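As stored in upload.cif (mmCIF, C-alpha atoms):
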```cif
data_run
#
loop_
_atom_site.group_PDB
_atom_site.id
_atom_site.type_symbol
_atom_site.label_atom_id
_atom_site.label_comp_id
_atom_site.auth_asym_id
_atom_site.auth_seq_id
_atom_site.Cartn_x
_atom_site.Cartn_y
_atom_site.Cartn_z
ATOM 1 C CA MET A 1 0.000 0.000 0.000
ATOM 2 C CA ILE A 2 2.719 2.466 1.002
ATOM 3 C CA GLU A 3 4.613 1.555 -2.154
ATOM 4 C CA TRP A 4 1.660 2.564 -4.295
ATOM 5 C CA ILE A 5 1.221 5.883 -2.468
ATOM 6 C CA SER A 6 4.928 6.538 -2.897
ATOM 7 C CA ALA A 7 4.784 5.720 -6.620
ATOM 8 C CA ALA A 8 1.800 8.033 -7.092
ATOM 9 C CA LEU A 9 3.611 10.866 -5.281
ATOM 10 C CA LEU A 10 6.703 10.384 -7.466
ATOM 11 C CA ILE A 11 4.617 10.579 -10.643
ATOM 12 C CA VAL A 12 2.775 13.703 -9.435
ATOM 13 C CA GLY A 13 6.157 15.237 -8.617
ATOM 14 C CA ALA A 14 7.475 14.455 -12.100
ATOM 15 C CA PHE A 15 4.373 16.110 -13.563
ATOM 16 C CA PHE A 16 4.984 19.329 -11.606
ATOM 17 C CA TYR A 17 8.662 19.347 -12.607
ATOM 18 C CA ALA A 18 7.599 19.059 -16.250
ATOM 19 C CA ALA A 19 5.069 21.865 -15.770
ATOM 20 C CA GLY A 20 7.801 24.078 -14.316
ATOM 21 C CA THR A 21 10.148 23.405 -17.236
ATOM 22 C CA LEU A 22 7.355 24.026 -19.729
ATOM 23 C CA GLY A 23 6.484 27.323 -18.061
ATOM 24 C CA LEU A 24 10.130 28.380 -18.109
ATOM 25 C CA LEU A 25 10.235 27.701 -21.848
ATOM 26 C CA ARG A 26 6.920 29.251 -22.833
ATOM 27 C CA PHE A 27 6.297 32.247 -20.563
ATOM 28 C CA PRO A 28 7.072 35.620 -22.119
ATOM 29 C CA ASP A 29 9.177 37.570 -19.589
ATOM 30 C CA VAL A 30 11.459 37.249 -16.584
ATOM 31 C CA TYR A 31 8.753 37.791 -13.964
ATOM 32 C CA SER A 32 6.388 35.101 -15.217
ATOM 33 C CA ARG A 33 9.307 32.698 -15.726
ATOM 34 C CA LEU A 34 10.317 33.262 -12.110
ATOM 35 C CA HIS A 35 6.762 32.381 -11.150
ATOM 36 C CA ALA A 36 6.958 29.037 -12.996
ATOM 37 C CA LEU A 37 10.393 28.233 -11.577
ATOM 38 C CA ALA A 38 9.710 29.183 -7.965
ATOM 39 C CA LYS A 39 6.314 27.532 -7.552
ATOM 40 C CA ALA A 40 5.853 24.571 -9.887
ATOM 41 C CA ASP A 41 9.402 23.263 -9.570
ATOM 42 C CA ASN A 42 9.520 23.413 -5.791
ATOM 43 C CA LEU A 43 6.118 21.760 -5.559
ATOM 44 C CA GLY A 44 7.444 18.937 -7.739
ATOM 45 C CA MET A 45 10.468 18.638 -5.476
ATOM 46 C CA GLY A 46 8.183 18.449 -2.449
ATOM 47 C CA PHE A 47 6.159 15.601 -3.946
ATOM 48 C CA VAL A 48 9.268 13.654 -4.988
ATOM 49 C CA LEU A 49 10.844 14.066 -1.540
ATOM 50 C CA LEU A 50 7.631 12.996 0.185
ATOM 51 C CA GLY A 51 7.382 9.934 -2.057
ATOM 52 C CA LEU A 52 10.979 8.976 -1.330
ATOM 53 C CA ALA A 53 10.638 9.627 2.412
ATOM 54 C CA LEU A 54 7.870 6.994 2.480
ATOM 55 C CA GLN A 55 10.374 4.455 1.085
ATOM 56 C CA ALA A 56 13.180 5.358 3.518
ATOM 57 C CA GLU A 57 14.526 2.652 5.838
ATOM 58 C CA SER A 58 14.639 4.714 9.028
ATOM 59 C CA ILE A 59 12.827 7.740 10.414
ATOM 60 C CA ALA A 60 16.055 9.751 10.461
ATOM 61 C CA ALA A 61 16.725 9.103 6.758
ATOM 62 C CA GLY A 62 13.149 10.068 5.872
ATOM 63 C CA LEU A 63 13.311 13.265 7.938
ATOM 64 C CA LYS A 64 16.599 14.209 6.300
ATOM 65 C CA LEU A 65 14.948 13.899 2.889
ATOM 66 C CA LEU A 66 11.991 15.996 4.024
ATOM 67 C CA LEU A 67 14.301 18.687 5.456
ATOM 68 C CA ILE A 68 15.720 19.400 1.997
ATOM 69 C CA TRP A 69 12.361 20.879 1.081
ATOM 70 C CA PRO A 70 12.231 23.841 3.520
ATOM 71 C CA LEU A 71 15.815 24.670 2.527
ATOM 72 C CA ALA A 72 14.871 24.729 -1.154
ATOM 73 C CA LEU A 73 11.733 26.777 -0.452
ATOM 74 C CA ALA A 74 13.584 29.401 1.579
ATOM 75 C CA ALA A 75 16.410 29.616 -0.966
ATOM 76 C CA SER A 76 14.000 29.899 -3.891
ATOM 77 C CA ALA A 77 11.957 32.604 -2.146
ATOM 78 C CA GLY A 78 15.051 34.691 -1.461
ATOM 79 C CA VAL A 79 16.546 34.287 -4.932
ATOM 80 C CA SER A 80 13.243 35.005 -6.683
ATOM 81 C CA TYR A 81 12.781 38.192 -4.682
ATOM 82 C CA ALA A 82 16.333 39.320 -5.468
ATOM 83 C CA ILE A 83 16.044 38.618 -9.207
ATOM 84 C CA ALA A 84 12.635 40.304 -9.549
ATOM 85 C CA ARG A 85 13.819 43.363 -7.608
ATOM 86 C CA ARG A 86 16.977 43.650 -9.708
ATOM 87 C CA ALA A 87 15.001 43.257 -12.937
ATOM 88 C CA ASP A 88 12.656 46.005 -11.791
ATOM 89 C CA SER A 89 15.502 48.351 -10.887
ATOM 90 C CA LEU A 90 17.119 47.701 -14.280
ATOM 91 C CA GLY A 91 13.895 48.794 -15.936
ATOM 92 C CA VAL A 92 12.655 45.450 -17.302
ATOM 93 C CA LYS A 93 9.003 46.048 -18.123
ATOM 94 C CA PRO A 94 6.445 43.394 -17.205
ATOM 95 C CA TRP A 95 4.882 41.755 -20.244
ATOM 96 C CA ARG A 96 1.470 43.033 -21.388
ATOM 97 C CA LYS A 97 -0.794 41.301 -23.831
ATOM 98 C CA ASP A 98 -1.234 44.307 -26.118
ATOM 99 C CA SER A 99 2.397 45.443 -26.233
ATOM 100 C CA SER A 100 3.932 42.519 -28.110
ATOM 101 C CA MET B 1 10.136 0.362 -6.782
ATOM 102 C CA ASN B 2 13.716 0.903 -7.985
ATOM 103 C CA GLY B 3 12.564 0.850 -11.601
ATOM 104 C CA LEU B 4 10.153 3.721 -11.041
ATOM 105 C CA ASP B 5 12.816 5.772 -9.221
ATOM 106 C CA LEU B 6 15.160 5.420 -12.165
ATOM 107 C CA ALA B 7 12.405 6.143 -14.687
ATOM 108 C CA VAL B 8 11.437 9.377 -12.927
ATOM 109 C CA ALA B 9 15.120 10.374 -12.692
ATOM 110 C CA LEU B 10 15.510 9.771 -16.431
ATOM 111 C CA PHE B 11 12.402 11.839 -17.127
ATOM 112 C CA LEU B 12 13.813 14.740 -15.090
ATOM 113 C CA LEU B 13 17.077 14.425 -17.009
ATOM 114 C CA GLY B 14 15.091 14.782 -20.240
ATOM 115 C CA ASN B 15 13.583 17.973 -18.785
ATOM 116 C CA LEU B 16 17.080 19.305 -18.176
ATOM 117 C CA VAL B 17 18.171 18.596 -21.761
ATOM 118 C CA VAL B 18 15.193 20.536 -23.121
ATOM 119 C CA ALA B 19 15.969 23.394 -20.712
ATOM 120 C CA LEU B 20 19.577 23.397 -21.940
ATOM 121 C CA LEU B 21 18.369 24.050 -25.491
ATOM 122 C CA ALA B 22 16.302 26.947 -24.145
ATOM 123 C CA ALA B 23 19.359 28.313 -22.340
ATOM 124 C CA ALA B 24 21.231 28.449 -25.650
ATOM 125 C CA ARG B 25 18.337 30.402 -27.158
ATOM 126 C CA GLY B 26 17.392 32.586 -24.158
ATOM 127 C CA PRO B 27 17.642 36.259 -25.082
ATOM 128 C CA THR B 28 18.780 37.860 -21.817
ATOM 129 C CA ALA B 29 21.270 36.963 -19.114
ATOM 130 C CA ALA B 30 18.429 36.643 -16.622
ATOM 131 C CA ASP B 31 16.775 33.888 -18.686
ATOM 132 C CA ARG B 32 20.004 31.908 -18.672
ATOM 133 C CA MET B 33 20.318 32.396 -14.937
ATOM 134 C CA LEU B 34 16.803 31.045 -14.462
ATOM 135 C CA ILE B 35 17.818 27.922 -16.381
ATOM 136 C CA ALA B 36 20.774 27.568 -14.003
ATOM 137 C CA LEU B 37 18.368 27.759 -11.057
ATOM 138 C CA LEU B 38 16.210 25.120 -12.766
ATOM 139 C CA PHE B 39 19.300 22.915 -12.927
ATOM 140 C CA GLY B 40 19.643 23.387 -9.181
ATOM 141 C CA SER B 41 16.112 22.334 -8.277
ATOM 142 C CA THR B 42 15.746 19.562 -10.867
ATOM 143 C CA GLY B 43 19.265 18.308 -10.145
ATOM 144 C CA THR B 44 18.382 18.044 -6.465
ATOM 145 C CA GLY B 45 15.399 15.886 -7.391
ATOM 146 C CA ILE B 46 17.505 13.664 -9.676
ATOM 147 C CA LEU B 47 20.203 13.152 -7.039
ATOM 148 C CA VAL B 48 17.699 12.248 -4.328
ATOM 149 C CA LEU B 49 16.021 9.741 -6.665
ATOM 150 C CA LEU B 50 19.406 8.229 -7.555
ATOM 151 C CA ALA B 51 20.360 7.994 -3.869
ATOM 152 C CA GLN B 52 17.281 5.854 -3.290
ATOM 153 C CA ALA B 53 17.529 3.774 -6.475
ATOM 154 C CA MET B 54 21.265 3.049 -6.206
ATOM 155 C CA ASN B 55 21.150 2.666 -2.407
ATOM 156 C CA MET B 56 23.837 5.332 -1.955
ATOM 157 C CA PRO B 57 22.697 7.576 0.934
ATOM 158 C CA SER B 58 25.642 9.937 0.522
ATOM 159 C CA LEU B 59 24.087 11.276 -2.685
ATOM 160 C CA VAL B 60 21.494 13.009 -0.478
ATOM 161 C CA ASP B 61 24.304 15.193 0.886
ATOM 162 C CA VAL B 62 25.335 16.020 -2.670
ATOM 163 C CA ALA B 63 21.731 17.048 -3.360
ATOM 164 C CA LEU B 64 21.786 19.358 -0.331
ATOM 165 C CA VAL B 65 25.018 20.976 -1.514
ATOM 166 C CA LEU B 66 23.551 21.471 -4.991
ATOM 167 C CA ALA B 67 20.444 23.167 -3.584
ATOM 168 C CA LEU B 68 22.624 25.503 -1.505
ATOM 169 C CA LEU B 69 24.981 26.318 -4.374
ATOM 170 C CA ALA B 70 22.076 27.156 -6.691
ATOM 171 C CA ALA B 71 20.806 29.683 -4.151
ATOM 172 C CA ILE B 72 24.259 31.229 -3.631
ATOM 173 C CA GLY B 73 24.803 31.334 -7.391
ATOM 174 C CA GLY B 74 21.515 33.154 -7.890
ATOM 175 C CA ILE B 75 22.333 35.785 -5.273
ATOM 176 C CA ALA B 76 25.856 36.259 -6.670
ATOM 177 C CA PHE B 77 24.395 36.719 -10.151
ATOM 178 C CA VAL B 78 22.007 39.410 -8.953
ATOM 179 C CA LYS B 79 24.584 41.269 -6.867
ATOM 180 C CA ARG B 80 27.636 41.026 -9.136
ATOM 181 C CA ALA B 81 26.990 39.931 -12.701
ATOM 182 C CA TRP B 82 23.708 41.377 -13.893
ATOM 183 C CA GLN B 83 24.442 45.005 -14.852
ATOM 184 C CA GLY B 84 21.870 45.324 -17.633
ATOM 185 C CA ASP B 85 23.437 44.496 -20.992
ATOM 186 C CA GLY B 86 21.120 46.517 -23.168
ATOM 187 C CA HIS B 87 19.077 43.605 -24.483
ATOM 188 C CA ASP B 88 16.154 44.184 -22.225
#
```

Can you give me the file's structure in the form of structure tokens?
Amino acid sequence: MIEWISAALLIVGAFFYAAGTLGLLRFPDVYSRLHALAKADNLGMGFVLLGLALQAESIAAGLKLLLIWPLALAASAGVSYAIARRADSLGVKPWRKDSS
Amino acid sequence: MNGLDLAVALFLLGNLVVALLAAARGPTAADRMLIALLFGSTGTGILVLLAQAMNMPSLVDVALVLALLAAIGGIAFVKRAWQGDGHD
């Protein structure tokens, strides 16, 4: 039973990773690409880590896997804020539907 | 479940190859930096999956280091490298 839950979580995680990559390729400007990278990709990582933590041999190994996720979330939040702020101060205009 | 771990890792690797093509195309420096950050997060996922599939727990530490280095690389890019190169 746990194996099936873990497999389902891994597949959902792979789907969110693919959605993040697709958004990074298709979105029109830096701000919306940051949105795809920061949210979809980290959600995929969370699902994959949760699926793998269910397979772990010991509680400590599973917790170590799960602790990667808050690190990645905090890092991604900080980097996304820094990149968006820098882009804004360099005068990168957000994309509008009628201007392109 | 080792087969599924490896299959998902291979799928993520395919994602990275597609992203690499986009990095070659990407018009501004910021787009290329975002691809580098994608390598950080997807690479972390691949390494964790490989650690489980190959039964090598030390690869989890490598994944942690990769996640940290991606964050530090992003901050260094913003603070030092991105001066606005006229493209955008």

Explicit residues for the PyMOL selection byres ((chain B and resi 16-26) around 12) (as a PyMOL selection string): (chain A and resi 17-18+20-30+33+37) or (chain B and resi 9-15+27-46+87-88)

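Using all atoms listed in the file, the nearest neighbour of chain B within the list A:Arg86, A:Pro94, A:Phe15, A:Gly62 is A:Arg86.
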
May I have a table of the residues of chain A lying at most 8 Å from chain B, giving each one's closest pair of atoms and their distance in Å to one decimal, counting all atoms listed in the file, ordered by chain and ascending residue number, as a tab-separated table?
```
residue	atom	partner	partner_atom	distance
A:Glu3	CA	B:Met1	CA	7.3
A:Ala7	CA	B:Leu4	CA	7.2
A:Leu10	CA	B:Val8	CA	7.3
A:Ile11	CA	B:Val8	CA	7.3
A:Ala14	CA	B:Val8	CA	6.5
A:Tyr17	CA	B:Thr42	CA	7.3
A:Ala18	CA	B:Asn15	CA	6.6
A:Thr21	CA	B:Asn15	CA	6.6
A:Leu24	CA	B:Ile35	CA	7.9
A:Leu25	CA	B:Ala22	CA	6.5
A:Val30	CA	B:Asp31	CA	6.6
A:Arg33	CA	B:Leu34	CA	7.8
A:Leu34	CA	B:Leu34	CA	7.2
A:Leu37	CA	B:Leu38	CA	6.7
A:Asp41	CA	B:Ser41	CA	6.9
A:Asn42	CA	B:Ser41	CA	7.1
A:Met45	CA	B:Gly45	CA	6.0
A:Val48	CA	B:Gly45	CA	7.0
A:Leu49	CA	B:Val48	CA	7.6
A:Leu52	CA	B:Gln52	CA	7.3
A:Ala56	CA	B:Gln52	CA	8.0
A:Leu65	CA	B:Val60	CA	7.4
A:Ile68	CA	B:Leu64	CA	6.5
A:Leu71	CA	B:Ala67	CA	7.8
A:Ala72	CA	B:Ala67	CA	6.3
A:Ala75	CA	B:Ala71	CA	5.4
A:Ser76	CA	B:Ala71	CA	6.8
A:Val79	CA	B:Gly74	CA	5.9
A:Ala82	CA	B:Val78	CA	6.7
A:Ile83	CA	B:Val78	CA	6.0
A:Arg86	CA	B:Val78	CA	6.6
A:Leu90	CA	B:Gly84	CA	6.3
A:Val92	CA	B:Asp88	CA	6.2
```

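When only C-alpha atoms are used to compute distances to A:Gly51, the closest of the residues A:Ala87, A:Ala19, A:Leu9, A:Met1 turns out to be A:Leu9.
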
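Pairwise distance (atom CA of A:Gly13, atom CA of A:Arg85) equals 29.2 Å.
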
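A straight line drawn from atom CA of A:Trp69 to atom CA of A:Trp4 is 21.9 Å long.
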
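Going from atom CA of B:Leu59 over to atom CA of A:His35, you cover 28.6 Å.
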
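Closest approach to A:Ala38 among A:Ala53, A:Ile5, A:Ala60, A:Ala84 is made by A:Ala84 (distances from all atoms listed in the file).
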